[in-house]
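Working notes for the structure below.
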Amino acid sequence: VHPYEEPAYDLFAIDEPVEKFGLGRIGELPQEIPLEIFVEQVKKVFQLEGLRIVQPQKTKSSIKRIAICGGSGEKFYPQAIAQRADVYITGDIYYHTAHDMQSAGLIAIDPGHYIESLCKKRFIEKFETWKQEENWAIDFFVSETNTNPFQFN
């Protein structure tokens with residue numbers, strides 16, 4: 001630093017944003033449906049023959065409010081409870097966390113880690129829209145690579 005130089009400072013306020021967004025989503029069905037029917041719909045949507053269900057002893061028999069987090073979102077189950085979810089869908093639920101969910105009275109469905117793969121085509125659609133709006137010189141495509149290390153027989 002030279003003696004004739006004066007340091008310049010830019011100060012920016014780092015306030016909390018007005019809106020907060022998390023990794024998962026929560027929503028409601030138009031009407032309650034029985035848990036058994038909901039489970040069958042989840043299997044159909046995710047193209048699964050089976051899935052893991054955590055069901056408390058005293059549980060609601062119908063589902064209306066759903067929380068979902070792709071990948072391994074088990075650690076976010078308290079937020080699903082705080083949002084009054086009837087069911088929480090996420091992958092990779094550990095044994096002990098499943099017991100915690102049961103104790104808390106939360107139904108959880110574990111269709112596997114790769115449930116977010118259903119969004120690939122929708123992401124491409126969104127990226128193509130942004131590409132047009134922003135004049136990006138980039139191409140997008142849906143990866144066909146299967147990175148799931150598990151095979152089911």
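Letters for chains follow the order of the structure tokens (A, B, ...), residue numbers begin at 1 for each chain, and ligand numbers begin at 1 in the order shown.
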
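Proximity to Thr90 (chain A) at 7 Å, evaluated using only C-alpha atoms and with sequence-adjacent residues fewer than 3 positions away removed, yields Ile68, Cys69, Gly70, Gly71, Ser72, Gly73, Glu74, Ile109, Asp110 and Pro111 of chain A.
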
For the residues selected in the previous step, produce a file with all heavy atoms as a PDB file, in the first residue's frame.
```pdb
ATOM      1  N   ILE A  68     -42.267 -34.071  -0.220  1.00  0.00           N
ATOM      2  CA  ILE A  68     -41.368 -34.898  -1.024  1.00  0.00           C
ATOM      3  C   ILE A  68     -40.012 -34.224  -1.135  1.00  0.00           C
ATOM      4  O   ILE A  68     -39.922 -32.997  -1.228  1.00  0.00           O
ATOM      5  CB  ILE A  68     -41.961 -35.189  -2.424  1.00  0.00           C
ATOM      6  CG1 ILE A  68     -41.081 -36.190  -3.190  1.00  0.00           C
ATOM      7  CG2 ILE A  68     -42.178 -33.908  -3.207  1.00  0.00           C
ATOM      8  CD1 ILE A  68     -41.743 -36.737  -4.442  1.00  0.00           C
ATOM      9  N   CYS A  69     -38.968 -35.043  -1.085  1.00  0.00           N
ATOM     10  CA  CYS A  69     -37.602 -34.556  -1.272  1.00  0.00           C
ATOM     11  C   CYS A  69     -36.819 -35.656  -1.974  1.00  0.00           C
ATOM     12  O   CYS A  69     -36.697 -36.763  -1.454  1.00  0.00           O
ATOM     13  CB  CYS A  69     -36.954 -34.213   0.070  1.00  0.00           C
ATOM     14  SG  CYS A  69     -35.302 -33.507  -0.091  1.00  0.00           S
ATOM     15  N   GLY A  70     -36.329 -35.364  -3.163  1.00  0.00           N
ATOM     16  CA  GLY A  70     -35.583 -36.343  -3.933  1.00  0.00           C
ATOM     17  C   GLY A  70     -34.252 -36.674  -3.281  1.00  0.00           C
ATOM     18  O   GLY A  70     -33.769 -35.969  -2.401  1.00  0.00           O
ATOM     19  N   GLY A  71     -33.666 -37.769  -3.721  1.00  0.00           N
ATOM     20  CA  GLY A  71     -32.387 -38.189  -3.164  1.00  0.00           C
ATOM     21  C   GLY A  71     -32.560 -38.728  -1.762  1.00  0.00           C
ATOM     22  O   GLY A  71     -33.564 -39.344  -1.430  1.00  0.00           O
ATOM     23  N   SER A  72     -31.581 -38.465  -0.934  1.00  0.00           N
ATOM     24  CA  SER A  72     -31.614 -38.916   0.451  1.00  0.00           C
ATOM     25  C   SER A  72     -32.020 -37.752   1.342  1.00  0.00           C
ATOM     26  O   SER A  72     -31.191 -37.045   1.890  1.00  0.00           O
ATOM     27  CB  SER A  72     -30.225 -39.441   0.854  1.00  0.00           C
ATOM     28  OG  SER A  72     -30.257 -39.845   2.195  1.00  0.00           O
ATOM     29  N   GLY A  73     -33.322 -37.553   1.488  1.00  0.00           N
ATOM     30  CA  GLY A  73     -33.822 -36.423   2.261  1.00  0.00           C
ATOM     31  C   GLY A  73     -34.331 -36.799   3.631  1.00  0.00           C
ATOM     32  O   GLY A  73     -35.112 -36.064   4.236  1.00  0.00           O
ATOM     33  N   GLU A  74     -33.885 -37.936   4.148  1.00  0.00           N
ATOM     34  CA  GLU A  74     -34.416 -38.410   5.423  1.00  0.00           C
ATOM     35  C   GLU A  74     -34.205 -37.421   6.564  1.00  0.00           C
ATOM     36  O   GLU A  74     -35.027 -37.318   7.448  1.00  0.00           O
ATOM     37  CB  GLU A  74     -33.809 -39.759   5.778  1.00  0.00           C
ATOM     38  CG  GLU A  74     -32.336 -39.677   6.102  1.00  0.00           C
ATOM     39  CD  GLU A  74     -31.833 -40.906   6.823  1.00  0.00           C
ATOM     40  OE1 GLU A  74     -32.579 -41.872   7.006  1.00  0.00           O
ATOM     41  OE2 GLU A  74     -30.669 -40.880   7.222  1.00  0.00           O
ATOM     42  N   ILE A 109     -42.535 -42.858   2.784  1.00  0.00           N
ATOM     43  CA  ILE A 109     -42.420 -43.773   1.659  1.00  0.00           C
ATOM     44  C   ILE A 109     -41.036 -43.589   1.052  1.00  0.00           C
ATOM     45  O   ILE A 109     -40.637 -42.464   0.745  1.00  0.00           O
ATOM     46  CB  ILE A 109     -43.521 -43.517   0.608  1.00  0.00           C
ATOM     47  CG1 ILE A 109     -44.893 -43.803   1.222  1.00  0.00           C
ATOM     48  CG2 ILE A 109     -43.279 -44.356  -0.645  1.00  0.00           C
ATOM     49  CD1 ILE A 109     -46.056 -43.498   0.305  1.00  0.00           C
ATOM     50  N   ASP A 110     -40.323 -44.692   0.903  1.00  0.00           N
ATOM     51  CA  ASP A 110     -38.973 -44.669   0.338  1.00  0.00           C
ATOM     52  C   ASP A 110     -38.981 -45.407  -0.995  1.00  0.00           C
ATOM     53  O   ASP A 110     -38.835 -46.618  -1.051  1.00  0.00           O
ATOM     54  CB  ASP A 110     -38.004 -45.336   1.319  1.00  0.00           C
ATOM     55  CG  ASP A 110     -36.560 -45.302   0.852  1.00  0.00           C
ATOM     56  OD1 ASP A 110     -36.312 -45.016  -0.339  1.00  0.00           O
ATOM     57  OD2 ASP A 110     -35.672 -45.584   1.668  1.00  0.00           O
ATOM     58  N   PRO A 111     -39.147 -44.667  -2.107  1.00  0.00           N
ATOM     59  CA  PRO A 111     -39.130 -45.307  -3.423  1.00  0.00           C
ATOM     60  C   PRO A 111     -37.719 -45.482  -3.982  1.00  0.00           C
ATOM     61  O   PRO A 111     -37.549 -45.936  -5.095  1.00  0.00           O
ATOM     62  CB  PRO A 111     -39.938 -44.342  -4.285  1.00  0.00           C
ATOM     63  CG  PRO A 111     -39.736 -43.022  -3.650  1.00  0.00           C
ATOM     64  CD  PRO A 111     -39.530 -43.267  -2.176  1.00  0.00           C
TER      65      PRO A 111
END
```

TODO: Between A:Arg65, A:Ser143, A:Ile107, A:Ala98, single out the one closest to Cys119 (chain A), counting only C-alpha atoms.
DONE: A:Ser143

Open item on the list: Report, in Å with one decimal, the straight-line distance from CA of Lys60 (chain A) to CA of Leu106 (chain A).
Closed with: 9.3 Å

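Our summary of the geometry notes that CA of Gly50 (chain A) is positioned 28.0 Å from CA of Gly22 (chain A).
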
Task: Residue list (strand (DSSP E), DSSP) for region 84-144 of chain A, as a VMD selection string - done: chain A and resid 87 to 90 107 to 110

Please write the residues from the selection above to a file, keeping N, CA and C atoms, as a PDB file, in the first residue's frame.
```pdb
ATOM      1  N   VAL A  87     -47.784 -37.581   4.745  1.00  0.00           N
ATOM      2  CA  VAL A  87     -46.814 -38.558   4.271  1.00  0.00           C
ATOM      3  C   VAL A  87     -45.591 -37.817   3.747  1.00  0.00           C
ATOM      4  N   TYR A  88     -44.426 -38.435   3.903  1.00  0.00           N
ATOM      5  CA  TYR A  88     -43.169 -37.870   3.420  1.00  0.00           C
ATOM      6  C   TYR A  88     -42.536 -38.882   2.475  1.00  0.00           C
ATOM      7  N   ILE A  89     -42.260 -38.465   1.243  1.00  0.00           N
ATOM      8  CA  ILE A  89     -41.641 -39.328   0.244  1.00  0.00           C
ATOM      9  C   ILE A  89     -40.194 -38.882   0.062  1.00  0.00           C
ATOM     10  N   THR A  90     -39.271 -39.800   0.303  1.00  0.00           N
ATOM     11  CA  THR A  90     -37.851 -39.518   0.100  1.00  0.00           C
ATOM     12  C   THR A  90     -37.105 -40.844  -0.006  1.00  0.00           C
ATOM     13  N   ILE A 107     -45.946 -41.014   8.407  1.00  0.00           N
ATOM     14  CA  ILE A 107     -45.868 -42.050   7.382  1.00  0.00           C
ATOM     15  C   ILE A 107     -44.785 -41.610   6.404  1.00  0.00           C
ATOM     16  N   ALA A 108     -43.905 -42.522   6.036  1.00  0.00           N
ATOM     17  CA  ALA A 108     -42.857 -42.205   5.067  1.00  0.00           C
ATOM     18  C   ALA A 108     -42.810 -43.287   4.005  1.00  0.00           C
ATOM     19  N   ILE A 109     -42.535 -42.858   2.784  1.00  0.00           N
ATOM     20  CA  ILE A 109     -42.420 -43.773   1.659  1.00  0.00           C
ATOM     21  C   ILE A 109     -41.036 -43.589   1.052  1.00  0.00           C
ATOM     22  N   ASP A 110     -40.323 -44.692   0.903  1.00  0.00           N
ATOM     23  CA  ASP A 110     -38.973 -44.669   0.338  1.00  0.00           C
ATOM     24  C   ASP A 110     -38.981 -45.407  -0.995  1.00  0.00           C
TER      25      ASP A 110
END
```
